[in-house]
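Listing of my_file_36.cif; format and content: mmCIF, C-alpha atoms.
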data_final
#
loop_
_atom_site.group_PDB
_atom_site.id
_atom_site.type_symbol
_atom_site.label_atom_id
_atom_site.label_comp_id
_atom_site.auth_asym_id
_atom_site.auth_seq_id
_atom_site.Cartn_x
_atom_site.Cartn_y
_atom_site.Cartn_z
ATOM 1 C CA MET A 1 -20.997 -79.860 27.277
ATOM 2 C CA VAL A 2 -24.362 -81.127 26.055
ATOM 3 C CA ALA A 3 -25.345 -82.128 29.575
ATOM 4 C CA THR A 4 -24.438 -78.713 31.012
ATOM 5 C CA THR A 5 -26.306 -76.891 28.270
ATOM 6 C CA ALA A 6 -29.352 -79.112 28.597
ATOM 7 C CA LEU A 7 -29.351 -78.708 32.376
ATOM 8 C CA THR A 8 -29.081 -74.908 32.149
ATOM 9 C CA LEU A 9 -31.770 -74.562 29.508
ATOM 10 C CA THR A 10 -34.069 -76.941 31.367
ATOM 11 C CA THR A 11 -33.566 -74.948 34.558
ATOM 12 C CA VAL A 12 -34.282 -71.673 32.754
ATOM 13 C CA MET A 13 -37.405 -73.090 31.103
ATOM 14 C CA ALA A 14 -38.598 -74.623 34.374
ATOM 15 C CA VAL A 15 -37.963 -71.556 36.494
ATOM 16 C CA SER A 16 -39.291 -68.914 34.062
ATOM 17 C CA PRO A 17 -43.041 -69.640 34.348
ATOM 18 C CA TRP A 18 -42.762 -70.000 38.109
ATOM 19 C CA LEU A 19 -40.951 -66.677 38.399
ATOM 20 C CA LEU A 20 -43.468 -64.970 36.136
ATOM 21 C CA GLN A 21 -46.291 -66.006 38.435
ATOM 22 C CA ALA A 22 -44.641 -65.609 41.828
ATOM 23 C CA PRO A 23 -46.706 -62.921 43.577
ATOM 24 C CA LEU A 24 -44.602 -62.917 46.755
ATOM 25 C CA LEU A 25 -41.399 -62.198 44.852
ATOM 26 C CA ALA A 26 -43.219 -59.613 42.743
ATOM 27 C CA SER A 27 -44.442 -57.767 45.807
ATOM 28 C CA LEU A 28 -40.937 -57.861 47.294
ATOM 29 C CA ALA A 29 -39.494 -56.435 44.081
ATOM 30 C CA GLY A 30 -42.131 -53.709 44.191
ATOM 31 C CA ARG A 31 -40.813 -52.479 47.543
ATOM 32 C CA VAL A 32 -37.211 -52.136 46.394
ATOM 33 C CA PRO A 33 -36.290 -48.574 45.288
ATOM 34 C CA GLY A 34 -35.609 -48.438 41.567
ATOM 35 C CA ILE A 35 -32.008 -47.351 41.966
ATOM 36 C CA PHE A 36 -31.035 -50.678 43.543
ATOM 37 C CA PHE A 37 -32.010 -52.549 40.405
ATOM 38 C CA GLY A 38 -28.899 -51.047 38.811
ATOM 39 C CA LEU A 39 -26.511 -52.794 41.208
ATOM 40 C CA PRO A 40 -26.866 -56.323 39.756
ATOM 41 C CA LEU A 41 -26.314 -54.849 36.313
ATOM 42 C CA VAL A 42 -23.062 -53.210 37.442
ATOM 43 C CA ALA A 43 -21.942 -56.546 38.886
ATOM 44 C CA LEU A 44 -22.958 -58.410 35.725
ATOM 45 C CA ALA A 45 -21.216 -55.981 33.389
ATOM 46 C CA SER A 46 -18.064 -56.132 35.551
ATOM 47 C CA LEU A 47 -18.104 -59.919 35.543
ATOM 48 C CA ILE A 48 -18.556 -60.187 31.780
ATOM 49 C CA PHE A 49 -15.936 -57.487 31.091
ATOM 50 C CA ALA A 50 -13.478 -59.284 33.366
ATOM 51 C CA ALA A 51 -14.178 -62.737 31.964
ATOM 52 C CA THR A 52 -13.802 -61.568 28.375
ATOM 53 C CA HIS A 53 -10.421 -59.953 29.157
ATOM 54 C CA HIS A 54 -8.878 -62.856 31.066
ATOM 55 C CA GLU A 55 -8.704 -66.634 31.052
ATOM 56 C CA ASP A 56 -7.432 -67.455 34.524
ATOM 57 C CA PRO A 57 -10.235 -67.628 37.171
ATOM 58 C CA ALA A 58 -8.116 -65.818 39.770
ATOM 59 C CA GLN A 59 -7.452 -62.967 37.336
ATOM 60 C CA ILE A 60 -11.157 -62.885 36.435
ATOM 61 C CA ARG A 61 -12.048 -62.443 40.105
ATOM 62 C CA LEU A 62 -9.520 -59.627 40.552
ATOM 63 C CA ALA A 63 -10.631 -57.845 37.390
ATOM 64 C CA THR A 64 -14.295 -58.200 38.401
ATOM 65 C CA VAL A 65 -13.605 -56.340 41.638
ATOM 66 C CA HIS A 66 -11.598 -53.738 39.729
ATOM 67 C CA TRP A 67 -14.402 -53.154 37.185
ATOM 68 C CA THR A 68 -17.108 -53.145 39.870
ATOM 69 C CA VAL A 69 -15.306 -50.414 41.816
ATOM 70 C CA TRP A 70 -14.597 -48.431 38.643
ATOM 71 C CA LEU A 71 -18.123 -48.684 37.183
ATOM 72 C CA GLY A 72 -19.806 -48.232 40.568
ATOM 73 C CA GLY A 73 -17.619 -45.211 41.291
ATOM 74 C CA MET A 74 -18.334 -43.594 37.931
ATOM 75 C CA LEU A 75 -22.087 -44.186 38.165
ATOM 76 C CA GLY A 76 -22.058 -43.067 41.808
ATOM 77 C CA MET A 77 -20.390 -39.805 40.805
ATOM 78 C CA VAL A 78 -22.968 -39.239 38.058
ATOM 79 C CA LEU A 79 -25.736 -39.941 40.580
ATOM 80 C CA ALA A 80 -24.189 -37.522 43.063
ATOM 81 C CA VAL A 81 -24.040 -34.786 40.418
ATOM 82 C CA VAL A 82 -27.660 -35.411 39.412
ATOM 83 C CA LEU A 83 -28.792 -35.340 43.055
ATOM 84 C CA LEU A 84 -26.813 -32.171 43.665
ATOM 85 C CA LEU A 85 -28.326 -30.475 40.628
ATOM 86 C CA GLY A 86 -31.787 -31.567 41.741
ATOM 87 C CA TRP A 87 -31.159 -30.221 45.216
ATOM 88 C CA LEU A 88 -29.894 -26.865 43.897
ATOM 89 C CA GLN A 89 -32.961 -26.306 41.724
ATOM 90 C CA MET B 1 13.472 -92.577 -0.817
ATOM 91 C CA GLY B 2 12.657 -89.307 0.894
ATOM 92 C CA VAL B 3 10.901 -89.079 4.205
ATOM 93 C CA THR B 4 7.435 -87.635 3.845
ATOM 94 C CA THR B 5 5.762 -85.935 6.723
ATOM 95 C CA GLU B 6 2.029 -85.983 7.202
ATOM 96 C CA PRO B 7 0.555 -82.480 6.949
ATOM 97 C CA GLN B 8 -0.519 -81.397 10.392
ATOM 98 C CA PRO B 9 -4.048 -79.989 10.611
ATOM 99 C CA SER B 10 -3.820 -76.285 11.328
ATOM 100 C CA ARG B 11 -5.202 -75.123 14.644
ATOM 101 C CA ILE B 12 -6.418 -71.654 15.452
ATOM 102 C CA VAL B 13 -5.271 -70.607 18.871
ATOM 103 C CA ALA B 14 -5.368 -67.507 21.002
ATOM 104 C CA ILE B 15 -2.768 -66.648 23.624
ATOM 105 C CA SER B 16 -3.941 -66.345 27.208
ATOM 106 C CA PRO B 17 -3.063 -62.855 28.500
ATOM 107 C CA ASP B 18 -2.565 -64.287 31.972
ATOM 108 C CA ASP B 19 0.000 -67.070 31.555
ATOM 109 C CA GLY B 20 0.779 -67.046 27.838
ATOM 110 C CA SER B 21 -0.671 -70.506 27.268
ATOM 111 C CA ALA B 22 -2.395 -71.395 24.008
ATOM 112 C CA ILE B 23 -6.194 -71.517 23.903
ATOM 113 C CA ASP B 24 -7.531 -73.840 21.216
ATOM 114 C CA LEU B 25 -10.379 -71.946 19.533
ATOM 115 C CA ARG B 26 -11.278 -74.991 17.362
ATOM 116 C CA ASN B 27 -13.665 -73.555 14.738
ATOM 117 C CA PRO B 28 -13.997 -69.886 15.810
ATOM 118 C CA ALA B 29 -16.915 -69.091 13.482
ATOM 119 C CA LEU B 30 -18.910 -72.067 14.743
ATOM 120 C CA ALA B 31 -18.024 -71.171 18.337
ATOM 121 C CA ALA B 32 -19.242 -67.604 17.778
ATOM 122 C CA VAL B 33 -22.547 -68.824 16.330
ATOM 123 C CA LEU B 34 -22.975 -71.255 19.227
ATOM 124 C CA SER B 35 -22.259 -68.465 21.712
ATOM 125 C CA TRP B 36 -24.918 -66.326 20.082
ATOM 126 C CA ALA B 37 -27.446 -69.186 20.116
ATOM 127 C CA VAL B 38 -26.861 -70.023 23.771
ATOM 128 C CA PRO B 39 -24.544 -67.697 25.715
ATOM 129 C CA GLY B 40 -21.368 -69.564 26.684
ATOM 130 C CA LEU B 41 -22.046 -72.581 24.452
ATOM 131 C CA GLY B 42 -19.187 -71.599 22.123
ATOM 132 C CA GLN B 43 -16.747 -71.571 25.041
ATOM 133 C CA LEU B 44 -18.050 -74.983 26.164
ATOM 134 C CA TYR B 45 -17.480 -76.274 22.617
ATOM 135 C CA GLN B 46 -13.890 -74.991 22.831
ATOM 136 C CA GLY B 47 -13.382 -76.817 26.130
ATOM 137 C CA ARG B 48 -13.329 -73.617 28.223
ATOM 138 C CA THR B 49 -15.914 -74.988 30.614
ATOM 139 C CA THR B 50 -15.443 -72.548 33.503
ATOM 140 C CA LYS B 51 -15.949 -69.485 31.350
ATOM 141 C CA GLY B 52 -18.702 -71.110 29.320
ATOM 142 C CA SER B 53 -20.696 -72.041 32.403
ATOM 143 C CA LEU B 54 -20.096 -68.596 33.892
ATOM 144 C CA PHE B 55 -21.342 -66.796 30.782
ATOM 145 C CA MET B 56 -24.333 -69.100 30.421
ATOM 146 C CA ALA B 57 -25.427 -68.695 34.025
ATOM 147 C CA ALA B 58 -24.837 -64.920 34.189
ATOM 148 C CA ILE B 59 -26.469 -63.912 30.929
ATOM 149 C CA LEU B 60 -29.426 -66.297 30.963
ATOM 150 C CA THR B 61 -30.157 -65.450 34.605
ATOM 151 C CA THR B 62 -30.146 -61.728 33.809
ATOM 152 C CA PHE B 63 -32.367 -62.242 30.781
ATOM 153 C CA VAL B 64 -34.905 -64.340 32.711
ATOM 154 C CA LEU B 65 -34.803 -61.918 35.650
ATOM 155 C CA GLY B 66 -35.522 -59.018 33.308
ATOM 156 C CA LEU B 67 -38.336 -60.964 31.682
ATOM 157 C CA TRP B 68 -39.818 -61.641 35.097
ATOM 158 C CA LEU B 69 -39.468 -58.056 36.302
ATOM 159 C CA GLY B 70 -41.256 -56.938 33.146
ATOM 160 C CA GLY B 71 -44.119 -59.378 33.708
ATOM 161 C CA GLY B 72 -43.065 -61.446 30.679
ATOM 162 C CA LYS B 73 -44.028 -58.575 28.368
ATOM 163 C CA VAL B 74 -40.793 -56.694 27.744
ATOM 164 C CA VAL B 75 -39.332 -58.977 25.080
ATOM 165 C CA TYR B 76 -41.247 -58.630 21.842
ATOM 166 C CA ALA B 77 -40.486 -57.787 18.237
ATOM 167 C CA SER B 78 -42.537 -55.092 16.580
ATOM 168 C CA TRP B 79 -41.842 -53.010 13.489
ATOM 169 C CA LYS B 80 -45.237 -51.336 13.275
ATOM 170 C CA PRO B 81 -45.235 -47.571 12.682
ATOM 171 C CA GLY B 82 -45.558 -45.934 16.077
ATOM 172 C CA ASP B 83 -44.316 -48.995 17.964
ATOM 173 C CA THR B 84 -40.934 -49.883 16.558
ATOM 174 C CA ARG B 85 -39.284 -51.964 19.239
ATOM 175 C CA TRP B 86 -35.612 -51.015 18.863
ATOM 176 C CA ALA B 87 -34.863 -52.590 22.244
ATOM 177 C CA PHE B 88 -35.396 -55.973 20.612
ATOM 178 C CA VAL B 89 -32.276 -55.454 18.477
ATOM 179 C CA CYS B 90 -30.252 -55.601 21.699
ATOM 180 C CA GLN B 91 -32.405 -58.318 23.269
ATOM 181 C CA ALA B 92 -31.872 -60.531 20.203
ATOM 182 C CA GLY B 93 -28.170 -60.608 21.097
ATOM 183 C CA ALA B 94 -29.051 -63.050 23.888
ATOM 184 C CA GLY B 95 -29.752 -65.688 21.246
ATOM 185 C CA LEU B 96 -32.408 -68.340 20.965
ATOM 186 C CA VAL B 97 -34.149 -67.302 24.190
ATOM 187 C CA ALA B 98 -35.383 -64.221 22.286
ATOM 188 C CA LEU B 99 -36.391 -66.166 19.186
ATOM 189 C CA PRO B 100 -40.026 -66.799 20.248
ATOM 190 C CA ALA B 101 -40.591 -63.038 19.930
ATOM 191 C CA VAL B 102 -39.818 -63.147 16.200
ATOM 192 C CA VAL B 103 -42.095 -66.138 15.618
ATOM 193 C CA GLN B 104 -44.914 -64.614 17.649
ATOM 194 C CA SER B 105 -44.682 -61.287 15.834
ATOM 195 C CA ALA B 106 -44.585 -62.906 12.397
ATOM 196 C CA GLN B 107 -47.596 -65.061 13.217
ATOM 197 C CA LEU B 108 -49.626 -62.204 14.705
ATOM 198 C CA LEU B 109 -49.039 -59.981 11.682
ATOM 199 C CA GLY B 110 -49.381 -62.870 9.207
ATOM 200 C CA PRO B 111 -52.520 -64.341 7.670
ATOM 201 C CA ALA B 112 -53.322 -66.321 10.837
ATOM 202 C CA ARG B 113 -53.651 -63.041 12.824
ATOM 203 C CA GLN B 114 -52.748 -64.852 16.015
ATOM 204 C CA PRO B 115 -49.475 -65.768 17.735
ATOM 205 C CA LEU B 116 -48.242 -69.342 17.646
ATOM 206 C CA LEU B 117 -48.431 -69.555 21.431
ATOM 207 C CA LEU B 118 -51.936 -68.366 22.229
ATOM 208 C CA ASN B 119 -50.969 -67.386 25.773
ATOM 209 C CA GLY B 120 -49.273 -64.396 24.164
ATOM 210 C CA PHE B 121 -45.771 -65.174 25.489
ATOM 211 C CA MET B 122 -43.401 -62.642 23.810
ATOM 212 C CA ALA B 123 -46.192 -61.515 21.480
ATOM 213 C CA PRO B 124 -46.218 -57.805 20.588
ATOM 214 C CA PRO B 125 -48.940 -55.630 22.117
ATOM 215 C CA LEU B 126 -52.066 -54.991 20.082
ATOM 216 C CA ALA B 127 -52.310 -51.545 18.561
ATOM 217 C CA PRO B 128 -55.611 -49.654 18.305
ATOM 218 C CA GLY B 129 -57.498 -50.921 15.248
ATOM 219 C CA GLN B 130 -55.402 -54.084 14.869
ATOM 220 C CA TYR B 131 -57.179 -57.171 13.546
ATOM 221 C CA VAL B 132 -56.724 -60.478 15.361
ATOM 222 C CA SER B 133 -58.264 -63.933 15.098
ATOM 223 C CA ARG B 134 -61.366 -64.655 17.101
ATOM 224 C CA ALA B 135 -59.561 -67.388 19.066
ATOM 225 C CA TYR B 136 -56.839 -64.995 20.197
ATOM 226 C CA ALA B 137 -59.342 -62.250 21.047
ATOM 227 C CA ASP B 138 -61.445 -64.653 23.098
ATOM 228 C CA ARG B 139 -58.402 -65.958 24.918
ATOM 229 C CA LEU B 140 -57.210 -62.436 25.743
ATOM 230 C CA ALA B 141 -60.665 -61.494 27.014
ATOM 231 C CA ARG B 142 -60.771 -64.584 29.221
ATOM 232 C CA HIS B 143 -57.250 -64.530 30.652
ATOM 233 C CA ASP B 144 -56.052 -60.919 30.609
ATOM 234 C CA SER B 145 -57.559 -58.997 33.503
ATOM 235 C CA ASP B 146 -57.161 -55.685 31.636
ATOM 236 C CA ILE B 147 -59.044 -56.776 28.514
ATOM 237 C CA GLU B 148 -62.816 -57.129 28.264
ATOM 238 C CA PRO B 149 -64.816 -58.736 25.443
ATOM 239 C CA ASP B 150 -66.115 -55.238 24.644
ATOM 240 C CA ASP B 151 -62.597 -54.132 23.791
ATOM 241 C CA PHE B 152 -62.973 -55.818 20.402
ATOM 242 C CA PHE B 153 -65.189 -54.829 17.477
ATOM 243 C CA ASP B 154 -66.744 -57.837 15.808
ATOM 244 C CA LYS B 155 -65.488 -57.873 12.212
ATOM 245 C CA PRO B 156 -66.146 -61.436 10.943
ATOM 246 C CA PRO B 157 -64.124 -63.547 10.492
ATOM 247 C CA LEU B 158 -61.770 -61.446 12.646
ATOM 248 C CA LYS B 159 -61.992 -59.109 15.605
ATOM 249 C CA GLN B 160 -60.613 -55.594 15.797
ATOM 250 C CA PHE B 161 -58.941 -54.333 18.952
ATOM 251 C CA ARG B 162 -59.955 -50.827 19.909
ATOM 252 C CA ARG B 163 -57.595 -49.955 22.736
ATOM 253 C CA ASP B 164 -53.831 -49.525 23.116
ATOM 254 C CA GLN B 165 -52.384 -52.616 24.780
ATOM 255 C CA LEU B 166 -48.889 -51.103 25.112
ATOM 256 C CA ALA B 167 -50.315 -48.228 27.155
ATOM 257 C CA GLN B 168 -52.084 -50.805 29.347
ATOM 258 C CA TRP B 169 -48.791 -52.630 29.919
ATOM 259 C CA HIS B 170 -47.026 -49.409 30.898
ATOM 260 C CA ARG B 171 -49.835 -48.516 33.302
ATOM 261 C CA GLN B 172 -49.857 -52.025 34.757
ATOM 262 C CA LEU B 173 -46.098 -52.482 35.164
ATOM 263 C CA GLY B 174 -44.938 -48.930 35.868
ATOM 264 C CA LYS B 175 -41.163 -48.652 36.281
ATOM 265 C CA PHE B 176 -40.736 -52.408 35.895
ATOM 266 C CA PHE B 177 -41.426 -52.199 32.171
ATOM 267 C CA GLU B 178 -38.294 -50.077 31.771
ATOM 268 C CA ILE B 179 -36.237 -52.048 34.315
ATOM 269 C CA GLY B 180 -37.122 -55.369 32.685
ATOM 270 C CA THR B 181 -36.336 -53.940 29.271
ATOM 271 C CA LEU B 182 -32.963 -52.707 30.543
ATOM 272 C CA TYR B 183 -32.048 -56.102 32.033
ATOM 273 C CA THR B 184 -32.912 -58.018 28.873
ATOM 274 C CA MET B 185 -31.180 -55.454 26.641
ATOM 275 C CA LEU B 186 -28.009 -55.537 28.715
ATOM 276 C CA ALA B 187 -27.997 -59.347 28.679
ATOM 277 C CA GLY B 188 -28.131 -59.258 24.882
ATOM 278 C CA MET B 189 -25.470 -56.563 24.529
ATOM 279 C CA LEU B 190 -23.036 -58.235 26.930
ATOM 280 C CA ASN B 191 -23.448 -61.448 24.963
ATOM 281 C CA LEU B 192 -21.772 -59.640 22.057
ATOM 282 C CA LEU B 193 -18.584 -59.587 24.155
ATOM 283 C CA VAL B 194 -19.061 -63.283 24.854
ATOM 284 C CA ILE B 195 -19.448 -63.965 21.122
ATOM 285 C CA TYR B 196 -16.228 -62.051 20.445
ATOM 286 C CA ASP B 197 -14.466 -64.039 23.167
ATOM 287 C CA ALA B 198 -15.541 -67.291 21.484
ATOM 288 C CA TRP B 199 -14.406 -66.041 18.092
ATOM 289 C CA ALA B 200 -11.044 -64.466 18.946
ATOM 290 C CA GLY B 201 -10.190 -65.398 22.528
ATOM 291 C CA PRO B 202 -9.810 -63.093 25.523
ATOM 292 C CA LEU B 203 -9.283 -59.404 24.828
ATOM 293 C CA GLY B 204 -6.391 -59.058 27.264
ATOM 294 C CA PRO B 205 -5.938 -56.623 30.122
ATOM 295 C CA SER B 206 -6.894 -52.988 29.700
ATOM 296 C CA GLU B 207 -4.228 -50.257 29.384
ATOM 297 C CA ASP B 208 -4.728 -49.274 33.034
ATOM 298 C CA GLU B 209 -4.230 -52.840 34.148
ATOM 299 C CA LYS B 210 -1.098 -53.190 31.993
ATOM 300 C CA LYS B 211 0.381 -50.069 33.603
ATOM 301 C CA ARG B 212 -0.531 -51.323 37.084
ATOM 302 C CA ARG B 213 1.066 -54.704 36.405
ATOM 303 C CA ALA B 214 4.208 -53.035 35.010
ATOM 304 C CA ALA B 215 4.465 -50.837 38.112
ATOM 305 C CA GLU B 216 4.010 -53.867 40.368
ATOM 306 C CA SER B 217 6.653 -55.883 38.557
ATOM 307 C CA ALA B 218 9.058 -52.906 38.605
ATOM 308 C CA ALA B 219 8.511 -52.499 42.338
ATOM 309 C CA ALA B 220 9.131 -56.208 42.887
ATOM 310 C CA ALA B 221 12.381 -56.014 40.889
ATOM 311 C CA LEU B 222 13.840 -53.249 43.072
ATOM 312 C CA PRO B 223 16.439 -54.464 45.629
ATOM 313 C CA ALA B 224 15.282 -54.522 49.244
ATOM 314 C CA PRO B 225 16.469 -51.515 51.299
ATOM 315 C CA PRO B 226 19.399 -52.326 53.617
ATOM 316 C CA GLU B 227 18.509 -52.770 57.254
ATOM 317 C CA SER B 228 19.685 -49.824 59.372
ATOM 318 C CA ALA B 229 22.123 -50.596 62.199
ATOM 319 C CA SER B 230 20.724 -49.862 65.602
#
So, in terms of structure tokens, how does the structure I just supplied come out?
Amino acid sequence: MVATTALTLTTVMAVSPWLLQAPLLASLAGRVPGIFFGLPLVALASLIFAATHHEDPAQIRLATVHWTVWLGGMLGMVLAVVLLLGWLQ
Amino acid sequence: MGVTTEPQPSRIVAISPDDGSAIDLRNPALAAVLSWAVPGLGQLYQGRTTKGSLFMAAILTTFVLGLWLGGGKVVYASWKPGDTRWAFVCQAGAGLVALPAVVQSAQLLGPARQPLLLNGFMAPPLAPGQYVSRAYADRLARHDSDIEPDDFFDKPPLKQFRRDQLAQWHRQLGKFFEIGTLYTMLAGMLNLLVIYDAWAGPLGPSEDEKKRRAAESAAAALPAPPESAS
């Protein structure tokens, strides 16, 4: 447990300054449309929801897919409505 | 002479919603505190290594990614009038990784008038008219491309900032200030679920999932249709 925690924290601390100063990655991120930055958050929320509702890894995987489809579908519908309203104006 | 039995130490367990097995929560309060301090650490303490590692990797990665997208400037604590950083309440849910922001803010507003880490990591932005130490002002003027030495009034023994650093950050980062803030906030808020999981065990399947499972098990219990004779 201690080793895993130490390894993770060390990795985070080692990677953070490098990431903060990586101009290539920053320029790549700058070219990605803002809407796509929501996709990892949908995946993350689905994964955490699934993992906090189940204990078995197989069930966690299934529930992650279920939540991703559900959240993505809901947000996609909201986006479609917003786009439609914008187009009608 | 009667037989005496040793009192068994009580264990706090949760029941797995998947297979009904017992999950030893050990000391749930300690596990919850550990999961706040480092996401997933409480689960690792309880021996739930898969989930602990998963939570740790997912939440810390999201937090660091958000910090990077926001140029390292989106996590800060500020309670000044006009710049109350409510987002930090959510970001603080991610645990000790957000703690430097509290220290930096306290130091910058304290008698020292400079953050503990002079590079300004997780330090709040300077407001117009804010007094800072000469060392911090000089360092900002040297290393921050948006700040010039003329941006400070000389007020010995301090210096007074005369621009709005938060506005500079917004202009410099554009949409990434909001995106980075969102990532770090979500990491902190989702860690609340992780803390609850360490404290009380898994929440169990949702109502929809229960209905789906019941329908599946009912369908599996139905007898197979007889084969038609050709």
Exercise. Can you list, as a PyMOL selection string, the residues that the PyMOL selection byres ((chain B and resi 185) around 8) selects here?
Worked result: chain B and resi 87-88+90-91+181-184+186-189
Which residues of chain B come within 6 Å of chain A, and for each one, what is the closest pair of atoms and their distance in Å to one decimal, counting only C-alpha atoms, sorted by chain and residue number, as a Markdown table?
| residue | atom | partner | partner_atom | distance |
| --- | --- | --- | --- | --- |
| B:Leu44 | CA | A:Met1 | CA | 5.8 |
| B:Trp68 | CA | A:Leu20 | CA | 5.0 |
| B:Asp197 | CA | A:Thr52 | CA | 5.8 |
| B:Pro202 | CA | A:His53 | CA | 4.8 |
| B:Leu203 | CA | A:His53 | CA | 4.5 |
| B:Gly204 | CA | A:His53 | CA | 4.5 |
| B:Pro205 | CA | A:His53 | CA | 5.7 |
Hey, what comes out of the PyMOL selection byres ((chain B and resi 73) around 8) on this file? Could you write it as a PDB file with C-alpha atoms, in the coordinates of the input?
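This is the output file expr_11.pdb:
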ATOM      1  CA  LEU B  67     -38.336 -60.964  31.682  1.00  0.00           C
ATOM      2  CA  GLY B  70     -41.256 -56.938  33.146  1.00  0.00           C
ATOM      3  CA  GLY B  71     -44.119 -59.378  33.708  1.00  0.00           C
ATOM      4  CA  GLY B  72     -43.065 -61.446  30.679  1.00  0.00           C
ATOM      5  CA  VAL B  74     -40.793 -56.694  27.744  1.00  0.00           C
ATOM      6  CA  VAL B  75     -39.332 -58.977  25.080  1.00  0.00           C
ATOM      7  CA  TYR B  76     -41.247 -58.630  21.842  1.00  0.00           C
ATOM      8  CA  PHE B 121     -45.771 -65.174  25.489  1.00  0.00           C
ATOM      9  CA  MET B 122     -43.401 -62.642  23.810  1.00  0.00           C
ATOM     10  CA  ALA B 123     -46.192 -61.515  21.480  1.00  0.00           C
ATOM     11  CA  TRP B 169     -48.791 -52.630  29.919  1.00  0.00           C
ATOM     12  CA  PHE B 177     -41.426 -52.199  32.171  1.00  0.00           C
TER      13      PHE B 177
END
For this session: Would you work out the distance separating CA of Trp87 (chain A) from CA of Pro33 (chain A), expressed in Å to one decimal?
Result: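 Rounded to one decimal, the two atoms are 19.1 Å apart.
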For this session: Skip region 21-29 of chain B itself and residues of its chain fewer than 6 positions away, then list as a list in words all residues within 12 Å of it, counting only C-alpha atoms.
Result: His54, Glu55 and Asp56 of chain A; Pro9, Ser10, Arg11, Ile12, Val13, Ala14, Ile15, Ser35, Trp36, Gly42, Gln43, Leu44, Tyr45, Gln46, Gly47, Arg48, Ile195, Tyr196, Asp197, Ala198, Trp199, Ala200, Gly201 and Pro202 of chain B
For this session: Would you mind reading off the distance between CA of Thr68 (chain A) and CA of Val81 (chain A), one decimal, in Å?
Result: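 Pair CA of Thr68 (chain A) / CA of Val81 (chain A) returns 19.6 Å.
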Exercise. When you draw a straight line from CA of Gly52 (chain B) to CA of Val103 (chain B), how long is it in Å?
Worked result: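 Result for CA of Gly52 (chain B) versus CA of Val103 (chain B): 27.6 Å, one decimal.
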Exercise. Skipping near chain neighbours, those fewer than 3 positions away, what residues fall within 9 Å of Leu96 (chain B) using all atoms listed in the file, listed as a PyMOL selection string?
Worked result: chain B and resi 36-38+92-93+99-100
How about saving the chosen residues, C-alpha atoms kept, as a PDB file, in the coordinates of the input?
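What landed in result_31.pdb:
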ATOM      1  CA  TRP B  36     -24.918 -66.326  20.082  1.00  0.00           C
ATOM      2  CA  ALA B  37     -27.446 -69.186  20.116  1.00  0.00           C
ATOM      3  CA  VAL B  38     -26.861 -70.023  23.771  1.00  0.00           C
ATOM      4  CA  ALA B  92     -31.872 -60.531  20.203  1.00  0.00           C
ATOM      5  CA  GLY B  93     -28.170 -60.608  21.097  1.00  0.00           C
ATOM      6  CA  LEU B  99     -36.391 -66.166  19.186  1.00  0.00           C
ATOM      7  CA  PRO B 100     -40.026 -66.799  20.248  1.00  0.00           C
TER       8      PRO B 100
END
